[in-house]
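See below for my_file_36.txt, which holds compact mmCIF, C-alpha atoms and all ligand atoms.
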# COMPACT_ATOMS: atom_id res chain seq x y z
CA MET V 1 0.00 0.00 0.00
CA SER V 2 1.36 3.44 -0.88
CA ASP V 3 1.55 6.26 1.65
CA THR V 4 -1.26 8.16 0.00
CA GLU V 5 -3.61 5.22 0.47
CA ILE V 6 -2.83 5.08 4.18
CA ILE V 7 -3.72 8.71 4.70
CA ALA V 8 -7.15 9.23 6.29
CA PRO V 9 -10.10 9.40 3.90
CA GLY V 10 -9.81 13.17 3.66
CA LEU V 11 -11.88 15.94 2.21
CA ASP V 12 -13.53 14.15 -0.71
CA ALA V 13 -14.80 11.23 1.34
CA ALA V 14 -15.93 13.45 4.20
CA ILE V 15 -17.93 15.71 1.89
CA ALA V 16 -19.44 12.72 0.06
CA ALA V 17 -20.49 11.18 3.39
CA ASN V 18 -21.93 14.48 4.64
CA LEU V 19 -23.89 14.93 1.42
CA ALA V 20 -25.29 11.42 1.69
CA ARG V 21 -26.40 12.10 5.26
CA VAL V 22 -28.03 15.43 4.37
CA ARG V 23 -29.81 13.85 1.40
CA GLY V 24 -31.08 11.12 3.72
CA THR V 25 -32.43 13.69 6.18
CA ILE V 26 -34.13 15.55 3.32
CA ALA V 27 -35.72 12.33 2.06
CA GLU V 28 -37.00 11.48 5.55
CA ALA V 29 -38.41 14.97 6.06
CA CYS V 30 -40.16 14.80 2.67
CA ALA V 31 -41.63 11.40 3.51
CA ARG V 32 -42.91 12.64 6.88
CA ALA V 33 -44.53 15.63 5.15
CA ASN V 34 -46.07 13.43 2.43
CA ARG V 35 -44.05 15.29 -0.15
CA PRO V 36 -42.19 13.58 -3.02
CA ALA V 37 -38.45 13.13 -2.43
CA ASP V 38 -37.62 15.43 -5.33
CA ALA V 39 -39.79 18.27 -3.96
CA VAL V 40 -36.75 19.81 -2.28
CA THR V 41 -33.59 21.11 -3.96
CA LEU V 42 -30.44 21.04 -1.87
CA VAL V 43 -28.37 24.21 -2.28
CA ALA V 44 -24.87 23.39 -0.99
CA VAL V 45 -23.51 26.59 0.55
CA SER V 46 -19.78 26.65 -0.20
CA LYS V 47 -18.92 30.16 1.03
CA THR V 48 -15.40 30.44 2.51
CA HIS V 49 -14.57 26.89 1.36
CA PRO V 50 -12.07 26.40 -1.48
CA ALA V 51 -12.89 25.28 -5.02
CA GLU V 52 -11.55 21.80 -4.15
CA ALA V 53 -14.39 21.38 -1.67
CA VAL V 54 -16.89 22.30 -4.40
CA ARG V 55 -15.20 19.82 -6.74
CA ALA V 56 -15.57 17.10 -4.13
CA ALA V 57 -19.29 17.84 -3.86
CA LEU V 58 -19.65 17.87 -7.66
CA ALA V 59 -17.94 14.47 -7.78
CA ALA V 60 -20.54 13.24 -5.28
CA GLY V 61 -23.34 14.36 -7.60
CA GLN V 62 -24.17 17.76 -6.11
CA ALA V 63 -24.99 20.34 -8.80
CA VAL V 64 -26.50 23.37 -7.01
CA PHE V 65 -24.33 25.68 -4.91
CA GLY V 66 -24.80 28.85 -2.89
CA GLU V 67 -22.37 31.68 -2.25
CA ASN V 68 -23.10 34.82 -0.28
CA ARG V 69 -20.47 37.09 -1.83
CA VAL V 70 -20.42 37.90 -5.53
CA GLN V 71 -16.66 38.43 -5.56
CA GLU V 72 -15.95 35.05 -4.01
CA ALA V 73 -18.35 33.42 -6.47
CA GLU V 74 -16.57 35.09 -9.40
CA GLY V 75 -13.26 33.77 -8.14
CA LYS V 76 -14.40 30.18 -7.72
CA PHE V 77 -17.15 29.31 -10.13
CA PRO V 78 -16.27 30.22 -13.73
CA ALA V 79 -13.58 27.50 -13.86
CA LEU V 80 -15.85 24.95 -12.17
CA ARG V 81 -18.63 25.72 -14.65
CA GLN V 82 -16.35 24.95 -17.58
CA ASP V 83 -15.88 21.41 -16.28
CA HIS V 84 -19.48 21.02 -15.06
CA PRO V 85 -21.92 22.74 -17.44
CA GLY V 86 -24.89 21.59 -15.35
CA LEU V 87 -23.70 23.46 -12.27
CA ARG V 88 -26.11 26.06 -10.88
CA LEU V 89 -25.04 28.90 -8.64
CA HIS V 90 -27.30 30.81 -6.24
CA ILE V 91 -26.25 34.15 -4.74
CA ILE V 92 -27.72 34.08 -1.25
CA GLY V 93 -26.05 37.03 0.51
CA GLY V 94 -27.15 40.63 0.87
CA LEU V 95 -26.36 42.36 -2.40
CA GLN V 96 -25.00 45.89 -2.86
CA THR V 97 -26.60 47.75 -5.74
CA ASN V 98 -23.21 48.28 -7.38
CA LYS V 99 -22.70 44.49 -7.46
CA ALA V 100 -25.98 43.82 -9.27
CA ARG V 101 -24.42 43.50 -12.71
CA ASP V 102 -21.71 41.12 -11.49
CA ALA V 103 -24.37 39.06 -9.74
CA VAL V 104 -26.51 38.86 -12.89
CA ARG V 105 -23.44 37.72 -14.83
CA VAL V 106 -22.36 34.97 -12.40
CA ALA V 107 -25.59 33.67 -10.87
CA ASP V 108 -28.34 31.33 -12.03
CA CYS V 109 -30.49 32.51 -9.15
CA ILE V 110 -30.30 35.62 -6.95
CA GLU V 111 -32.07 34.93 -3.65
CA SER V 112 -31.52 38.32 -2.01
CA LEU V 113 -33.71 40.76 -3.93
CA ASP V 114 -34.94 43.03 -1.14
CA ARG V 115 -35.36 46.69 -2.15
CA PRO V 116 -36.52 48.93 -5.00
CA ARG V 117 -33.08 50.29 -5.92
CA LEU V 118 -31.71 46.77 -6.18
CA ALA V 119 -34.69 45.70 -8.30
CA ALA V 120 -34.00 48.58 -10.67
CA ALA V 121 -30.29 47.73 -10.83
CA ILE V 122 -30.98 44.04 -11.50
CA ALA V 123 -33.53 44.87 -14.20
CA GLU V 124 -31.02 47.16 -15.91
CA ALA V 125 -28.22 44.60 -15.59
CA MET V 126 -30.41 41.88 -17.09
CA GLY V 127 -30.99 44.09 -20.10
CA LYS V 128 -27.29 44.81 -20.54
CA GLU V 129 -26.10 41.25 -19.93
CA GLY V 130 -28.88 39.49 -21.84
CA ARG V 131 -29.10 37.07 -18.93
CA ARG V 132 -32.06 36.52 -16.63
CA PRO V 133 -31.20 34.58 -13.48
CA ASP V 134 -34.12 33.40 -11.37
CA LEU V 135 -34.99 35.82 -8.57
CA LEU V 136 -36.25 35.32 -5.04
CA VAL V 137 -37.39 38.10 -2.72
CA GLN V 138 -35.66 37.94 0.65
CA VAL V 139 -37.99 38.76 3.53
CA ASN V 140 -36.61 39.90 6.89
CA THR V 141 -39.19 37.82 8.77
CA GLY V 142 -37.80 38.84 12.15
CA ASP V 143 -37.62 42.53 11.17
CA GLU V 144 -34.02 42.54 12.43
CA PRO V 145 -32.34 45.91 11.80
CA GLN V 146 -28.95 44.43 10.84
CA LYS V 147 -30.36 41.83 8.45
CA ALA V 148 -30.97 42.01 4.71
CA GLY V 149 -34.48 41.43 3.42
CA VAL V 150 -37.61 43.48 2.96
CA ALA V 151 -39.50 44.27 6.17
CA ARG V 152 -42.68 42.31 6.81
CA ALA V 153 -44.88 45.39 6.50
CA GLU V 154 -43.39 46.25 3.10
CA ALA V 155 -43.24 42.76 1.63
CA ASP V 156 -46.62 42.77 -0.20
CA ASP V 157 -45.96 46.09 -1.90
CA PHE V 158 -42.40 45.18 -2.80
CA ILE V 159 -43.34 41.83 -4.34
CA ARG V 160 -45.98 43.58 -6.47
CA ALA V 161 -43.56 46.37 -7.42
CA CYS V 162 -40.98 43.83 -8.64
CA ARG V 163 -43.54 42.63 -11.17
CA ASP V 164 -45.41 45.81 -12.01
CA GLU V 165 -42.72 48.49 -11.84
CA TYR V 166 -39.48 46.67 -12.61
CA GLY V 167 -40.64 43.95 -15.00
CA LEU V 168 -39.10 41.28 -12.83
CA ALA V 169 -40.90 38.03 -12.11
CA PRO V 170 -39.66 36.68 -8.79
CA LYS V 171 -40.15 32.91 -8.54
CA GLY V 172 -40.40 32.85 -4.77
CA LEU V 173 -39.25 33.96 -1.36
CA MET V 174 -36.26 33.44 0.90
CA CYS V 175 -35.74 34.04 4.62
CA ILE V 176 -33.18 33.61 7.40
CA PRO V 177 -35.02 33.43 10.75
CA PRO V 178 -33.45 35.19 13.74
CA ALA V 179 -30.72 33.12 15.41
CA GLY V 180 -31.83 31.49 18.64
CA GLU V 181 -35.56 31.71 17.90
CA ASP V 182 -37.92 28.90 16.97
CA PRO V 183 -37.74 29.12 13.15
CA ARG V 184 -41.12 27.49 12.57
CA PRO V 185 -43.33 30.62 12.81
CA HIS V 186 -40.97 32.35 10.38
CA PHE V 187 -41.15 29.47 7.91
CA GLU V 188 -44.94 29.36 8.20
CA TYR V 189 -45.19 33.10 7.64
CA LEU V 190 -43.01 32.88 4.53
CA ALA V 191 -45.02 29.94 3.15
CA ALA V 192 -48.29 31.85 3.64
CA LEU V 193 -46.85 34.97 1.99
CA ALA V 194 -45.68 32.94 -1.01
CA ALA V 195 -49.08 31.28 -1.37
CA LYS V 196 -50.80 34.65 -1.21
CA HIS V 197 -48.70 35.90 -4.13
CA GLY V 198 -48.81 32.67 -6.12
CA LEU V 199 -45.06 32.10 -5.76
CA ALA V 200 -43.83 28.51 -6.05
CA VAL V 201 -40.31 28.67 -4.60
CA LEU V 202 -39.59 28.78 -0.87
CA SER V 203 -35.89 28.95 0.07
CA MET V 204 -35.70 28.35 3.80
CA GLY V 205 -33.80 26.11 6.16
CA MET V 206 -30.08 25.89 6.94
CA SER V 207 -27.90 23.23 8.62
CA GLY V 208 -29.69 23.55 11.97
CA ASP V 209 -33.29 23.62 10.80
CA TYR V 210 -33.74 22.31 7.27
CA ALA V 211 -35.93 19.38 8.33
CA THR V 212 -38.31 21.84 10.03
CA ALA V 213 -38.27 24.03 6.93
CA ILE V 214 -39.23 21.05 4.76
CA ALA V 215 -42.14 20.30 7.10
CA CYS V 216 -43.26 23.91 6.50
CA GLY V 217 -43.03 23.62 2.71
CA ALA V 218 -39.46 24.58 1.75
CA THR V 219 -38.63 23.85 -1.89
CA HIS V 220 -34.97 24.83 -1.45
CA VAL V 221 -32.80 24.33 1.62
CA ARG V 222 -29.44 26.12 1.92
CA VAL V 223 -27.02 23.88 3.78
CA GLY V 224 -23.38 24.77 4.39
CA THR V 225 -21.85 23.53 7.64
CA ALA V 226 -23.50 20.09 7.54
CA ILE V 227 -21.86 19.44 4.14
CA PHE V 228 -18.55 21.31 4.14
CA GLY V 229 -17.81 21.53 7.87
CA ALA V 230 -17.28 24.55 10.10
CA ARG V 231 -16.24 27.87 8.59
C1 LIG N 1 -24.12 30.67 5.25
C2 LIG N 1 -25.52 30.66 4.83
C3 LIG N 1 -26.28 29.47 4.85
C4 LIG N 1 -25.74 28.14 5.33
O1 LIG N 1 -25.65 28.13 6.72
P1 LIG N 1 -25.22 26.80 7.51
O2 LIG N 1 -25.72 27.02 8.88
O3 LIG N 1 -23.74 26.71 7.42
O4 LIG N 1 -25.90 25.65 6.84
C5 LIG N 1 -27.59 29.53 4.40
N1 LIG N 1 -28.13 30.69 3.96
C6 LIG N 1 -27.44 31.85 3.93
C7 LIG N 1 -28.10 33.07 3.43
C8 LIG N 1 -26.12 31.87 4.38
O5 LIG N 1 -25.44 33.04 4.34
Reformat the file's structure so that it appears as structure tokens.
Ligand SMILES: *Cc1c(COP(=O)(O)O)cnc(C)c1O
Amino acid sequence: MSDTEIIAPGLDAAIAANLARVRGTIAEACARANRPADAVTLVAVSKTHPAEAVRAALAAGQAVFGENRVQEAEGKFPALRQDHPGLRLHIIGGLQTNKARDAVRVADCIESLDRPRLAAAIAEAMGKEGRRPDLLVQVNTGDEPQKAGVARAEADDFIRACRDEYGLAPKGLMCIPPAGEDPRPHFEYLAALAAKHGLAVLSMGMSGDYATAIACGATHVRVGTAIFGAR
């Protein structure tokens, strides 16, 4: 046996095992909720982890990834995309208006649409780039001052304005419940808001609460730590 074979399983095997476990938890949560196993898309959140970690996940069959910073995404993903044309990248972090064009260029889905100026910038960037990534409206369900997302009281008007004033057609909603609170009321609120507006996509649930989110109707869960380890 060569030295390399003696070395502990390492990154690739750990990520493959973590992915298998997360997929199992998703399947169980879907079964408990009487939802088909393919009702939920796993978005593997690779922020702060190197491209090699993403490659390990790709090798284990994962195709959808999430990054919260546009600049980091631009550094990591163009090369990965060349080798994996089916890869899909979601931008999940708060987005500065001056990064809208870069986000439109790099992303297949922008989950953090949360204010009129950003809607205008994204609409303009889509025109210039000839690219229309999917869009989700981020709702600040806990109305936390430091957090991105449209405030609860403004969510209805903003969702309508995206369609009517900016010509954007958001596919759904995203939220990050306040840390340390029961996430369930936040997930239920988001699901009701999406239903009210006829929106099909619900991006909610992270490493600590994705099974709960699936019980509440999540169609996308954003899982980082449980796949790639601590940041
Ligand atoms: C980092 C991040 C996640 C993943 O969080 P984990 O707890 O590591 O699973 C999900 N959503 C957003 C918006 C994030 O920034």
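Nearest to Ala31 of chain V of all the residues V:Ile214, V:Phe228, V:Pro116, V:Val223 is V:Ile214, based on all atoms listed in the file.
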Practice task
Name the residues in contact with segment 127-139 of chain V at a cut-off of 8 Å, using all atoms listed in the file, excluding same-chain residues fewer than 2 positions from it; report them as JSON, numbers by chain.
Solution key: {"V": [101, 104, 105, 107, 108, 109, 110, 111, 112, 113, 114, 123, 124, 125, 141, 148, 149, 150, 151, 152, 155, 159, 169, 170, 171, 172, 173, 174, 175, 190, 201]}
Handout entry: Residue contacts of Ser46 of chain V (8 Å, only C-alpha atoms) excluding same-chain residues fewer than 6 positions away, as an MDAnalysis selection string
Key = chainID V and resid 53:54 65:67 224 228
Handout entry: Residue nearest Asn98 of chain V - candidates V:Ile122, V:Arg115, V:Lys76, V:Ala27, atoms counted: all atoms listed in the file
Key =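 That would be V:Ile122, the residue with the smallest distance to Asn98 of chain V.
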Practice task
Considering all atoms listed in the file, state which residue in the set V:Gly75, V:Gly94, V:Gly198, V:Gly61 is at the smallest distance from ligand LIG 1 (chain N).
Solution key: V:Gly94
Exercise for the section: For each of V:Arg32, V:Lys196, V:Arg184, V:His49, take the minimum atom-to-atom distance to ligand LIG 1 (chain N), counting all atoms listed in the file, then give the residue where this is smallest. Expected result: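 Among the listed residues, the smallest separation from ligand LIG 1 (chain N) belongs to V:His49.
Take atom CA of Asp83 of chain V and atom CA of Val45 of chain V: the distance between them is 19.2 Å.
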Within 6 Å of ligand LIG 1 (chain N): each chain V residue with its shortest pair, all atoms listed in the file, as CSV:
residue,atom,partner,partner_atom,distance
V:Val45,CA,N:LIG1,C4,5.5
V:Asn68,CA,N:LIG1,O5,5.5
V:Ile92,CA,N:LIG1,C7,4.8
V:Gly93,CA,N:LIG1,C7,5.3
V:Met206,CA,N:LIG1,O4,4.2
V:Ser207,CA,N:LIG1,O4,3.6
V:Arg222,CA,N:LIG1,C5,4.6
V:Val223,CA,N:LIG1,O4,3.7
V:Gly224,CA,N:LIG1,O3,3.6
V:Thr225,CA,N:LIG1,O3,3.7
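The gap separating atom CA of Leu58 of chain V from atom CA of Ala79 of chain V is 13.0 Å, in Å to one decimal.
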Problem - Separation of atom CA of Ala100 of chain V from atom CA of Arg81 of chain V in Å - result: 20.3 Å
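Checking V:Cys216, V:Cys162, V:Gly142, V:Gly86 one by one against Arg117 of chain V, counting only C-alpha atoms, you find the shortest gap at V:Cys162.
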Handout entry: Nearest residue to Ala218 of chain V from the set V:Glu154, V:Glu72, V:Asp38, V:Glu165 (distances using all atoms listed in the file)
Key = V:Asp38
Any idea what's packed within 12 Å of Asp209 of chain V, counting all atoms listed in the file, ignoring anything in its chain fewer than 6 positions away? Could you give it as a PDB file with C-alpha atoms, keeping the file's coordinate frame?
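out-v6.pdb, written as the output of this step:
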ATOM      1  CA  VAL V  22     -28.030  15.430   4.370  1.00  0.00           C
ATOM      2  CA  THR V  25     -32.430  13.690   6.180  1.00  0.00           C
ATOM      3  CA  ILE V  26     -34.130  15.550   3.320  1.00  0.00           C
ATOM      4  CA  ALA V  29     -38.410  14.970   6.060  1.00  0.00           C
ATOM      5  CA  ILE V 176     -33.180  33.610   7.400  1.00  0.00           C
ATOM      6  CA  PRO V 177     -35.020  33.430  10.750  1.00  0.00           C
ATOM      7  CA  PRO V 178     -33.450  35.190  13.740  1.00  0.00           C
ATOM      8  CA  ALA V 179     -30.720  33.120  15.410  1.00  0.00           C
ATOM      9  CA  GLY V 180     -31.830  31.490  18.640  1.00  0.00           C
ATOM     10  CA  GLU V 181     -35.560  31.710  17.900  1.00  0.00           C
ATOM     11  CA  ASP V 182     -37.920  28.900  16.970  1.00  0.00           C
ATOM     12  CA  PRO V 183     -37.740  29.120  13.150  1.00  0.00           C
ATOM     13  CA  ARG V 184     -41.120  27.490  12.570  1.00  0.00           C
ATOM     14  CA  HIS V 186     -40.970  32.350  10.380  1.00  0.00           C
ATOM     15  CA  PHE V 187     -41.150  29.470   7.910  1.00  0.00           C
ATOM     16  CA  ALA V 215     -42.140  20.300   7.100  1.00  0.00           C
ATOM     17  CA  CYS V 216     -43.260  23.910   6.500  1.00  0.00           C
ATOM     18  CA  ALA V 218     -39.460  24.580   1.750  1.00  0.00           C
ATOM     19  CA  VAL V 221     -32.800  24.330   1.620  1.00  0.00           C
ATOM     20  CA  ARG V 222     -29.440  26.120   1.920  1.00  0.00           C
ATOM     21  CA  VAL V 223     -27.020  23.880   3.780  1.00  0.00           C
ATOM     22  CA  GLY V 224     -23.380  24.770   4.390  1.00  0.00           C
ATOM     23  CA  THR V 225     -21.850  23.530   7.640  1.00  0.00           C
ATOM     24  CA  ALA V 226     -23.500  20.090   7.540  1.00  0.00           C
TER      25      ALA V 226
END
Handout entry: Distance query 10 Å from (-19.4, 14.1, 3.2) using only C-alpha atoms, result as an MDAnalysis selection string
Key = chainID V and resid 10:22 56:57 60 226:229
